Amino acid sequence: MSSQSQVSKYLPLTCTGHSRPVTHLSFSTIFADNSYLMISACKDGAPMLRDGVTGDWIGTFTGHKGAVWSARFSTNAALSITASADFTARVWDTYSGSLVRSLPHGHIVRTAAFCPSNSNPAFCVTSGNEKKIRIWDLSLSDAASPMLEWIGSESTIRSALWVEQSVLITTGEDMSLKWWDLRTPGKLIQNITLEGPVGQMEERDGLLVVASGSVVYIFDAARRDLFKKTPVEYNVSAATIHPSKRKIATGSTGDTWMRIHDFDSGAVLDTFKGHHGPIHSISYSPDGQLCASGSEDGTIRLWKSDIGSYGLWR
């Protein structure tokens, strides 16, 4: 029996607490003690902080008055940022849960991310239904207005990632993937048309992973080259690369399963069943020991990714 088949024998850990569909989740980097955090966004308007290894609830960020569509950490995880249907993005102190900054918008905010920085980030990006890309200077005591702003699409922008100090990547309902040079605001470096509706977009170790239609795209984030294109036999909602770059995990819009694909061949290695609604977001932990999935059913499930004891699995 293959090691991947043995992995499917481990029961998932189910993280409850949200009352509506989970829209997005992400992990922090690994800390010195080998621990890490997980943050989740939900249509219940209450993003949650959890221990990434066990899934145990740590706290809830309270204050949003609408669905939360995106939740991410800063590089050092000291700050968190959430994007909401209440027309705000909010920056939080991760450990105290206190609100650091509320960034006002004119419509639903679908995505928010920090500038990469080993210290507390000075800048963040937000975007959404206004089709505008905004850059905010968090060092200012009054950040009621963005420092930079431009029209980034003719339709809703669903995801924005800041992958280098001067490079931003966006995608959305126009099924395009765009690279922007922030040294010249509004300067489009490259525009790639994808083959279907875009789901989740994530970056890991320099590789950009985009779920689009029935294809998982993997790009070199900095060089903008297509690294790999993996067609699948279903509509993929989210995809994530294992840190070893040997496996890809996916969720689907058409069923409730998480599938594990071989990175090279694209073959399905395993199928994990347990959710009661489609998976909207998925991510491998930074050490690759588990994979987290957030679903329409309002739960997050942590799935064992390797054989052997780890966390609560013995």
# chains A, B, ... in the order shown; residues from 1 in each chain; ligands from 1
$ closest_atom_pairs --of "stretch 253-282 of chain A" --to "stretch 6-10 of chain A" --cutoff "9 Å" --atoms "only C-alpha atoms" --output "Markdown table"
| residue | atom | partner | partner_atom | distance |
| --- | --- | --- | --- | --- |
| A:Asp270 | CA | A:Ser8 | CA | 7.3 |
| A:Thr271 | CA | A:Ser8 | CA | 7.8 |
| A:Phe272 | CA | A:Ser8 | CA | 6.8 |
$ closest_atom_pairs --of "stretch 46-78 of chain A" --to "stretch 150-170 of chain A" --cutoff "12 Å" --atoms "only C-alpha atoms" --output "tab-separated table"
residue	atom	partner	partner_atom	distance
A:Trp69	CA	A:Arg158	CA	8.9
A:Ser70	CA	A:Ser159	CA	8.5
A:Ala71	CA	A:Ser159	CA	11.1
A:Arg72	CA	A:Leu161	CA	10.3
A:Ser74	CA	A:Trp162	CA	11.0
A:Thr75	CA	A:Trp162	CA	11.3
$ residues_around --residues "A:Phe114" --least-positions-apart "2" --cutoff "7 Å" --atoms "only C-alpha atoms" --output "list of chain:residue names"
A:Ser74, A:Pro116, A:Pro121, A:Phe123, A:Cys124, A:Val125, A:Trp162
$ closest_atom_pairs --of "stretch 55-161 of chain A" --to "stretch 45-51 of chain A" --cutoff "12 Å" --atoms "only C-alpha atoms" --output "Markdown table"
| residue | atom | partner | partner_atom | distance |
| --- | --- | --- | --- | --- |
| A:Gly55 | CA | A:Asp51 | CA | 5.1 |
| A:Asp56 | CA | A:Asp51 | CA | 5.2 |
| A:Trp57 | CA | A:Arg50 | CA | 4.5 |
| A:Ile58 | CA | A:Arg50 | CA | 5.0 |
| A:Gly59 | CA | A:Leu49 | CA | 5.2 |
| A:Thr60 | CA | A:Met48 | CA | 4.4 |
| A:Phe61 | CA | A:Pro47 | CA | 5.5 |
| A:Thr62 | CA | A:Ala46 | CA | 6.0 |
| A:Gly63 | CA | A:Ala46 | CA | 7.8 |
| A:His64 | CA | A:Gly45 | CA | 5.6 |
| A:Lys65 | CA | A:Gly45 | CA | 6.2 |
| A:Gly66 | CA | A:Gly45 | CA | 5.1 |
| A:Ala67 | CA | A:Gly45 | CA | 4.4 |
| A:Val68 | CA | A:Gly45 | CA | 5.1 |
| A:Trp69 | CA | A:Gly45 | CA | 8.8 |
| A:Ser70 | CA | A:Pro47 | CA | 8.9 |
| A:Ala71 | CA | A:Pro47 | CA | 7.3 |
| A:Arg72 | CA | A:Pro47 | CA | 10.2 |
| A:Phe73 | CA | A:Leu49 | CA | 10.3 |
| A:Ala77 | CA | A:Leu49 | CA | 11.1 |
| A:Leu79 | CA | A:Leu49 | CA | 11.6 |
| A:Ser80 | CA | A:Leu49 | CA | 9.6 |
| A:Ile81 | CA | A:Pro47 | CA | 9.9 |
| A:Thr82 | CA | A:Pro47 | CA | 7.7 |
| A:Ala83 | CA | A:Gly45 | CA | 9.9 |
| A:Ser84 | CA | A:Gly45 | CA | 7.6 |
| A:Ala85 | CA | A:Gly45 | CA | 8.6 |
| A:Asp86 | CA | A:Gly45 | CA | 8.9 |
| A:Thr88 | CA | A:Gly45 | CA | 11.7 |
| A:Ala89 | CA | A:Gly45 | CA | 11.9 |
| A:Arg90 | CA | A:Pro47 | CA | 10.9 |
| A:Val91 | CA | A:Pro47 | CA | 11.9 |
| A:Trp92 | CA | A:Pro47 | CA | 10.8 |
| A:Asp93 | CA | A:Leu49 | CA | 11.3 |
| A:Thr94 | CA | A:Leu49 | CA | 8.0 |
| A:Tyr95 | CA | A:Leu49 | CA | 9.0 |
| A:Ser96 | CA | A:Leu49 | CA | 10.8 |
| A:Gly97 | CA | A:Leu49 | CA | 9.0 |
$ write_last_selection --atoms "N, CA, C and O atoms" --output "short mmCIF file (atom, residue, chain, number, x, y, z; two decimals), in the first residue's frame"
data_model
loop_
_atom_site.label_atom_id
_atom_site.label_comp_id
_atom_site.auth_asym_id
_atom_site.auth_seq_id
_atom_site.Cartn_x
_atom_site.Cartn_y
_atom_site.Cartn_z
N GLY A 55 -5.84 23.01 15.20
CA GLY A 55 -7.12 23.58 14.82
C GLY A 55 -7.87 24.21 15.98
O GLY A 55 -8.99 24.70 15.81
N ASP A 56 -7.28 24.20 17.18
CA ASP A 56 -7.96 24.76 18.35
C ASP A 56 -8.21 26.26 18.18
O ASP A 56 -7.33 27.01 17.74
N TRP A 57 -9.42 26.68 18.56
CA TRP A 57 -9.80 28.09 18.48
C TRP A 57 -8.99 28.92 19.46
O TRP A 57 -8.83 28.55 20.62
N ILE A 58 -8.46 30.05 18.99
CA ILE A 58 -7.74 30.99 19.85
C ILE A 58 -8.57 32.24 20.09
O ILE A 58 -8.66 32.74 21.22
N GLY A 59 -9.19 32.76 19.03
CA GLY A 59 -9.98 33.97 19.20
C GLY A 59 -10.72 34.34 17.93
O GLY A 59 -10.49 33.77 16.86
N THR A 60 -11.63 35.31 18.05
CA THR A 60 -12.43 35.81 16.93
C THR A 60 -12.21 37.31 16.81
O THR A 60 -12.25 38.03 17.82
N PHE A 61 -12.01 37.77 15.60
CA PHE A 61 -11.85 39.21 15.34
C PHE A 61 -13.26 39.80 15.15
O PHE A 61 -13.94 39.50 14.17
N THR A 62 -13.69 40.61 16.09
CA THR A 62 -15.06 41.12 16.07
C THR A 62 -15.11 42.57 15.60
O THR A 62 -14.25 43.38 15.99
N GLY A 63 -16.10 42.89 14.78
CA GLY A 63 -16.27 44.25 14.32
C GLY A 63 -16.85 44.37 12.92
O GLY A 63 -17.54 45.34 12.61
N HIS A 64 -16.60 43.38 12.06
CA HIS A 64 -17.18 43.44 10.72
C HIS A 64 -18.70 43.32 10.79
O HIS A 64 -19.25 42.63 11.65
N LYS A 65 -19.38 43.96 9.83
CA LYS A 65 -20.84 43.94 9.79
C LYS A 65 -21.33 43.35 8.47
O LYS A 65 -22.44 43.65 8.01
N GLY A 66 -20.53 42.49 7.88
CA GLY A 66 -20.90 41.81 6.64
C GLY A 66 -19.98 40.62 6.44
O GLY A 66 -19.03 40.40 7.20
N ALA A 67 -20.27 39.84 5.42
CA ALA A 67 -19.45 38.67 5.11
C ALA A 67 -17.99 39.05 4.95
O ALA A 67 -17.67 40.13 4.45
N VAL A 68 -17.10 38.18 5.38
CA VAL A 68 -15.66 38.39 5.20
C VAL A 68 -15.19 37.43 4.11
O VAL A 68 -15.45 36.23 4.16
N TRP A 69 -14.50 37.98 3.12
CA TRP A 69 -14.13 37.22 1.93
C TRP A 69 -12.67 36.79 1.91
O TRP A 69 -12.30 35.88 1.14
N SER A 70 -11.84 37.41 2.69
CA SER A 70 -10.41 37.12 2.64
C SER A 70 -9.79 37.39 4.00
O SER A 70 -10.21 38.32 4.70
N ALA A 71 -8.80 36.56 4.38
CA ALA A 71 -8.09 36.76 5.65
C ALA A 71 -6.66 36.28 5.49
O ALA A 71 -6.43 35.13 5.09
N ARG A 72 -5.71 37.13 5.81
CA ARG A 72 -4.29 36.78 5.65
C ARG A 72 -3.47 37.38 6.80
O ARG A 72 -3.85 38.37 7.42
N PHE A 73 -2.30 36.77 7.02
CA PHE A 73 -1.33 37.26 7.99
C PHE A 73 -0.27 38.12 7.31
O PHE A 73 -0.01 37.97 6.11
N ALA A 77 3.33 37.45 11.05
CA ALA A 77 2.06 37.10 11.69
C ALA A 77 1.66 38.03 12.83
O ALA A 77 0.70 37.76 13.54
N LEU A 79 0.42 40.97 12.47
CA LEU A 79 -0.80 41.62 12.02
C LEU A 79 -1.59 40.67 11.13
O LEU A 79 -1.03 39.78 10.49
N SER A 80 -2.90 40.89 11.09
CA SER A 80 -3.79 40.17 10.19
C SER A 80 -4.63 41.19 9.44
O SER A 80 -4.87 42.30 9.94
N ILE A 81 -5.09 40.81 8.24
CA ILE A 81 -5.91 41.72 7.45
C ILE A 81 -7.09 40.94 6.87
O ILE A 81 -6.95 39.81 6.42
N THR A 82 -8.28 41.57 6.93
CA THR A 82 -9.50 40.94 6.45
C THR A 82 -10.21 41.88 5.49
O THR A 82 -10.15 43.10 5.62
N ALA A 83 -10.92 41.28 4.51
CA ALA A 83 -11.66 42.04 3.51
C ALA A 83 -13.13 41.66 3.60
O ALA A 83 -13.46 40.47 3.65
N SER A 84 -14.02 42.65 3.59
CA SER A 84 -15.41 42.37 3.95
C SER A 84 -16.44 43.03 3.03
O SER A 84 -16.17 44.03 2.35
N ALA A 85 -17.64 42.46 3.07
CA ALA A 85 -18.78 43.02 2.35
C ALA A 85 -19.34 44.25 3.05
O ALA A 85 -20.27 44.88 2.53
N ASP A 86 -18.81 44.62 4.21
CA ASP A 86 -19.27 45.84 4.90
C ASP A 86 -18.56 47.09 4.39
O ASP A 86 -18.63 48.15 5.01
N THR A 88 -15.35 47.58 4.09
CA THR A 88 -14.07 47.89 4.74
C THR A 88 -13.10 46.73 4.60
O THR A 88 -13.50 45.57 4.43
N ALA A 89 -11.82 47.05 4.67
CA ALA A 89 -10.78 46.08 5.00
C ALA A 89 -10.26 46.50 6.37
O ALA A 89 -10.20 47.70 6.68
N ARG A 90 -9.92 45.51 7.20
CA ARG A 90 -9.49 45.84 8.55
C ARG A 90 -8.17 45.16 8.89
O ARG A 90 -7.96 43.99 8.56
N VAL A 91 -7.32 45.93 9.53
CA VAL A 91 -6.02 45.44 9.99
C VAL A 91 -6.13 45.21 11.50
O VAL A 91 -6.60 46.10 12.24
N TRP A 92 -5.69 44.02 11.94
CA TRP A 92 -5.83 43.62 13.34
C TRP A 92 -4.49 43.27 13.95
O TRP A 92 -3.59 42.80 13.26
N ASP A 93 -4.38 43.48 15.25
CA ASP A 93 -3.28 42.90 16.01
C ASP A 93 -3.62 41.43 16.21
O ASP A 93 -4.62 41.09 16.84
N THR A 94 -2.81 40.54 15.64
CA THR A 94 -3.14 39.12 15.64
C THR A 94 -3.31 38.57 17.05
O THR A 94 -4.23 37.77 17.31
N TYR A 95 -2.47 38.97 17.97
CA TYR A 95 -2.44 38.34 19.29
C TYR A 95 -3.44 38.93 20.28
O TYR A 95 -3.97 38.21 21.13
N SER A 96 -3.73 40.22 20.18
CA SER A 96 -4.71 40.82 21.09
C SER A 96 -6.11 40.84 20.48
O SER A 96 -7.10 40.96 21.20
N GLY A 97 -6.18 40.75 19.15
CA GLY A 97 -7.46 40.84 18.46
C GLY A 97 -7.98 42.25 18.31
O GLY A 97 -9.07 42.46 17.78
#
$ closest_atom_pairs --of "stretch 97-215 of chain A" --to "stretch 276-299 of chain A" --cutoff "10 Å" --atoms "only C-alpha atoms" --output "JSON lines"
{"residue": "A:Gly199", "atom": "CA", "partner": "A:His280", "partner_atom": "CA", "distance": 7.9}
{"residue": "A:Gln200", "atom": "CA", "partner": "A:Ser281", "partner_atom": "CA", "distance": 6.6}
{"residue": "A:Met201", "atom": "CA", "partner": "A:Ser281", "partner_atom": "CA", "distance": 9.4}
{"residue": "A:Glu202", "atom": "CA", "partner": "A:Ser283", "partner_atom": "CA", "distance": 8.5}
{"residue": "A:Arg204", "atom": "CA", "partner": "A:Pro286", "partner_atom": "CA", "distance": 9.0}
$ closest_atom_pairs --of "stretch 257-278 of chain A" --to "stretch 234-247 of chain A" --cutoff "12 Å" --atoms "only C-alpha atoms" --output "Markdown table"
| residue | atom | partner | partner_atom | distance |
| --- | --- | --- | --- | --- |
| A:Trp257 | CA | A:Val236 | CA | 10.7 |
| A:Met258 | CA | A:Ala239 | CA | 9.6 |
| A:Arg259 | CA | A:Ala239 | CA | 9.5 |
| A:Ile260 | CA | A:Lys247 | CA | 6.6 |
| A:His261 | CA | A:Lys247 | CA | 5.7 |
| A:Asp262 | CA | A:Lys247 | CA | 4.9 |
| A:Phe263 | CA | A:Lys247 | CA | 4.6 |
| A:Asp264 | CA | A:Arg246 | CA | 7.2 |
| A:Ser265 | CA | A:Lys247 | CA | 9.9 |
| A:Gly266 | CA | A:Lys247 | CA | 8.7 |
| A:Ala267 | CA | A:Lys247 | CA | 9.9 |
| A:Val268 | CA | A:Lys247 | CA | 9.7 |
| A:Leu269 | CA | A:Lys247 | CA | 8.7 |
| A:Asp270 | CA | A:Lys247 | CA | 10.5 |
| A:Pro278 | CA | A:Ser237 | CA | 8.4 |
$ write_last_selection --atoms "N, CA and C atoms" --output "short mmCIF file (atom, residue, chain, number, x, y, z; two decimals), in the first residue's frame"
data_model
loop_
_atom_site.label_atom_id
_atom_site.label_comp_id
_atom_site.auth_asym_id
_atom_site.auth_seq_id
_atom_site.Cartn_x
_atom_site.Cartn_y
_atom_site.Cartn_z
N TRP A 257 -15.58 16.87 -2.24
CA TRP A 257 -14.36 16.11 -2.02
C TRP A 257 -13.11 16.97 -2.14
N MET A 258 -12.08 16.57 -1.41
CA MET A 258 -10.74 17.09 -1.62
C MET A 258 -9.93 16.01 -2.33
N ARG A 259 -9.26 16.38 -3.40
CA ARG A 259 -8.47 15.43 -4.17
C ARG A 259 -6.99 15.78 -4.09
N ILE A 260 -6.17 14.74 -4.06
CA ILE A 260 -4.72 14.91 -4.09
C ILE A 260 -4.22 14.43 -5.45
N HIS A 261 -3.53 15.30 -6.17
CA HIS A 261 -2.99 14.97 -7.48
C HIS A 261 -1.47 14.88 -7.42
N ASP A 262 -0.91 13.98 -8.21
CA ASP A 262 0.54 13.94 -8.37
C ASP A 262 0.99 15.20 -9.10
N PHE A 263 2.02 15.85 -8.60
CA PHE A 263 2.46 17.12 -9.17
C PHE A 263 2.89 16.96 -10.62
N ASP A 264 3.62 15.89 -10.93
CA ASP A 264 4.18 15.72 -12.27
C ASP A 264 3.16 15.20 -13.27
N SER A 265 2.46 14.13 -12.92
CA SER A 265 1.56 13.48 -13.88
C SER A 265 0.13 14.03 -13.84
N GLY A 266 -0.27 14.63 -12.73
CA GLY A 266 -1.64 15.09 -12.57
C GLY A 266 -2.61 14.00 -12.15
N ALA A 267 -2.13 12.76 -12.02
CA ALA A 267 -2.99 11.65 -11.64
C ALA A 267 -3.55 11.86 -10.23
N VAL A 268 -4.79 11.41 -10.00
CA VAL A 268 -5.39 11.49 -8.68
C VAL A 268 -4.79 10.41 -7.79
N LEU A 269 -4.14 10.82 -6.71
CA LEU A 269 -3.52 9.89 -5.78
C LEU A 269 -4.48 9.46 -4.68
N ASP A 270 -5.38 10.37 -4.30
CA ASP A 270 -6.29 10.07 -3.20
C ASP A 270 -7.46 11.03 -3.23
N PRO A 278 -19.48 22.18 -0.97
CA PRO A 278 -18.28 22.42 -1.77
C PRO A 278 -17.18 23.09 -0.96
#
$ select_by_dssp --residues "stretch 90-273 of chain A" --states "strand (DSSP E or B)" --output "ChimeraX atom specification"
/A:90-93,99-104,109-114,123-128,132-137,148-151,157-164,167-172,176-181,187-193,198-204,207-212,215-220,226-231,236-241,247-252,258-262,268-272
$ residues_around --residues "A:Val198" --least-positions-apart "6" --cutoff "9 Å" --atoms "only C-alpha atoms" --output "JSON, numbers by chain"
{"A": [158, 171, 172, 173, 174, 175, 176, 210, 211, 212, 213, 236, 237, 238]}
$ residues_around --residues "A:Tyr217" --least-positions-apart "3" --cutoff "10 Å" --atoms "only C-alpha atoms" --output "NGL selection string"
:A and (194-195 or 201 or 207-212 or 214 or 226-231 or 239)
$ write_last_selection --atoms "N, CA, C and O atoms" --output "short mmCIF file (atom, residue, chain, number, x, y, z; two decimals), in the first residue's frame"
data_model
loop_
_atom_site.label_atom_id
_atom_site.label_comp_id
_atom_site.auth_asym_id
_atom_site.auth_seq_id
_atom_site.Cartn_x
_atom_site.Cartn_y
_atom_site.Cartn_z
N LEU A 194 -7.12 33.34 -18.69
CA LEU A 194 -7.26 31.96 -18.24
C LEU A 194 -8.47 31.31 -18.92
O LEU A 194 -9.25 31.97 -19.59
N GLU A 195 -8.65 30.01 -18.70
CA GLU A 195 -9.63 29.26 -19.48
C GLU A 195 -10.99 29.12 -18.83
O GLU A 195 -11.89 28.51 -19.41
N MET A 201 -6.47 31.87 -5.53
CA MET A 201 -5.11 32.10 -6.00
C MET A 201 -4.21 32.16 -4.78
O MET A 201 -4.52 32.84 -3.81
N LEU A 207 6.05 30.13 -6.33
CA LEU A 207 5.13 29.59 -7.33
C LEU A 207 3.71 30.11 -7.06
O LEU A 207 3.23 30.09 -5.94
N LEU A 208 3.07 30.57 -8.12
CA LEU A 208 1.71 31.08 -8.05
C LEU A 208 0.76 29.98 -8.52
O LEU A 208 0.92 29.44 -9.61
N VAL A 209 -0.24 29.65 -7.70
CA VAL A 209 -1.20 28.59 -8.01
C VAL A 209 -2.57 29.22 -8.21
O VAL A 209 -3.06 29.93 -7.32
N VAL A 210 -3.19 28.97 -9.37
CA VAL A 210 -4.49 29.55 -9.69
C VAL A 210 -5.44 28.45 -10.12
O VAL A 210 -5.15 27.67 -11.03
N ALA A 211 -6.61 28.40 -9.46
CA ALA A 211 -7.68 27.49 -9.86
C ALA A 211 -8.58 28.22 -10.84
O ALA A 211 -9.12 29.28 -10.53
N SER A 212 -8.75 27.65 -12.04
CA SER A 212 -9.53 28.31 -13.08
C SER A 212 -10.24 27.29 -13.94
O SER A 212 -9.60 26.49 -14.62
N SER A 214 -11.53 24.10 -15.20
CA SER A 214 -11.11 22.73 -14.92
C SER A 214 -9.60 22.58 -15.08
O SER A 214 -9.11 21.54 -15.51
N LEU A 226 4.65 30.38 -17.31
CA LEU A 226 3.78 29.26 -16.97
C LEU A 226 4.67 28.07 -16.64
O LEU A 226 5.37 27.54 -17.50
N PHE A 227 4.63 27.64 -15.39
CA PHE A 227 5.47 26.55 -14.92
C PHE A 227 4.82 25.20 -15.20
O PHE A 227 5.47 24.24 -15.61
N LYS A 228 3.50 25.14 -14.98
CA LYS A 228 2.79 23.88 -15.18
C LYS A 228 1.30 24.16 -15.33
O LYS A 228 0.76 25.07 -14.70
N LYS A 229 0.65 23.36 -16.17
CA LYS A 229 -0.79 23.46 -16.39
C LYS A 229 -1.38 22.07 -16.23
O LYS A 229 -1.06 21.16 -17.00
N THR A 230 -2.21 21.87 -15.21
CA THR A 230 -2.76 20.56 -14.91
C THR A 230 -4.26 20.55 -15.13
O THR A 230 -5.02 21.10 -14.34
N PRO A 231 -4.72 19.93 -16.24
CA PRO A 231 -6.17 19.80 -16.44
C PRO A 231 -6.75 18.73 -15.52
O PRO A 231 -6.10 17.72 -15.25
N ALA A 239 -6.88 25.42 -5.12
CA ALA A 239 -5.75 24.49 -5.27
C ALA A 239 -4.58 24.99 -4.46
O ALA A 239 -4.40 26.20 -4.26
#
$ decode --residues "stretch 47-67 of chain A" --atoms "N, CA and C atoms" --output "JSON list (two decimals), in the first residue's frame"
[["chain", "number", "residue", "atom", "x", "y", "z"],
["A", 47, "PRO", "N", -14.14, 36.55, 11.37],
["A", 47, "PRO", "CA", -12.91, 35.80, 11.10],
["A", 47, "PRO", "C", -12.33, 35.23, 12.38],
["A", 48, "MET", "N", -11.74, 34.02, 12.28],
["A", 48, "MET", "CA", -11.27, 33.32, 13.46],
["A", 48, "MET", "C", -9.79, 32.99, 13.36],
["A", 49, "LEU", "N", -9.13, 33.02, 14.52],
["A", 49, "LEU", "CA", -7.73, 32.65, 14.66],
["A", 49, "LEU", "C", -7.65, 31.30, 15.35],
["A", 50, "ARG", "N", -6.82, 30.40, 14.81],
["A", 50, "ARG", "CA", -6.69, 29.06, 15.37],
["A", 50, "ARG", "C", -5.22, 28.64, 15.43],
["A", 51, "ASP", "N", -4.97, 27.69, 16.33],
["A", 51, "ASP", "CA", -3.68, 26.99, 16.32],
["A", 51, "ASP", "C", -3.64, 26.17, 15.03],
["A", 52, "GLY", "N", -2.61, 26.38, 14.21],
["A", 52, "GLY", "CA", -2.57, 25.70, 12.92],
["A", 52, "GLY", "C", -2.35, 24.21, 13.01],
["A", 53, "VAL", "N", -1.66, 23.74, 14.05],
["A", 53, "VAL", "CA", -1.33, 22.32, 14.18],
["A", 53, "VAL", "C", -2.54, 21.52, 14.65],
["A", 54, "THR", "N", -3.29, 22.06, 15.62],
["A", 54, "THR", "CA", -4.41, 21.32, 16.21],
["A", 54, "THR", "C", -5.78, 21.79, 15.74],
["A", 55, "GLY", "N", -5.84, 23.01, 15.20],
["A", 55, "GLY", "CA", -7.12, 23.58, 14.82],
["A", 55, "GLY", "C", -7.87, 24.21, 15.98],
["A", 56, "ASP", "N", -7.28, 24.20, 17.18],
["A", 56, "ASP", "CA", -7.96, 24.76, 18.35],
["A", 56, "ASP", "C", -8.21, 26.26, 18.18],
["A", 57, "TRP", "N", -9.42, 26.68, 18.56],
["A", 57, "TRP", "CA", -9.80, 28.09, 18.48],
["A", 57, "TRP", "C", -8.99, 28.92, 19.46],
["A", 58, "ILE", "N", -8.46, 30.05, 18.99],
["A", 58, "ILE", "CA", -7.74, 30.99, 19.85],
["A", 58, "ILE", "C", -8.57, 32.24, 20.09],
["A", 59, "GLY", "N", -9.19, 32.76, 19.03],
["A", 59, "GLY", "CA", -9.98, 33.97, 19.20],
["A", 59, "GLY", "C", -10.72, 34.34, 17.93],
["A", 60, "THR", "N", -11.63, 35.31, 18.05],
["A", 60, "THR", "CA", -12.43, 35.81, 16.93],
["A", 60, "THR", "C", -12.21, 37.31, 16.81],
["A", 61, "PHE", "N", -12.01, 37.77, 15.60],
["A", 61, "PHE", "CA", -11.85, 39.21, 15.34],
["A", 61, "PHE", "C", -13.26, 39.80, 15.15],
["A", 62, "THR", "N", -13.69, 40.61, 16.09],
["A", 62, "THR", "CA", -15.06, 41.12, 16.07],
["A", 62, "THR", "C", -15.11, 42.57, 15.60],
["A", 63, "GLY", "N", -16.10, 42.89, 14.78],
["A", 63, "GLY", "CA", -16.27, 44.25, 14.32],
["A", 63, "GLY", "C", -16.85, 44.37, 12.92],
["A", 64, "HIS", "N", -16.60, 43.38, 12.06],
["A", 64, "HIS", "CA", -17.18, 43.44, 10.72],
["A", 64, "HIS", "C", -18.70, 43.32, 10.79],
["A", 65, "LYS", "N", -19.38, 43.96, 9.83],
["A", 65, "LYS", "CA", -20.84, 43.94, 9.79],
["A", 65, "LYS", "C", -21.33, 43.35, 8.47],
["A", 66, "GLY", "N", -20.53, 42.49, 7.88],
["A", 66, "GLY", "CA", -20.90, 41.81, 6.64],
["A", 66, "GLY", "C", -19.98, 40.62, 6.44],
["A", 67, "ALA", "N", -20.27, 39.84, 5.42],
["A", 67, "ALA", "CA", -19.45, 38.67, 5.11],
["A", 67, "ALA", "C", -17.99, 39.05, 4.95]]
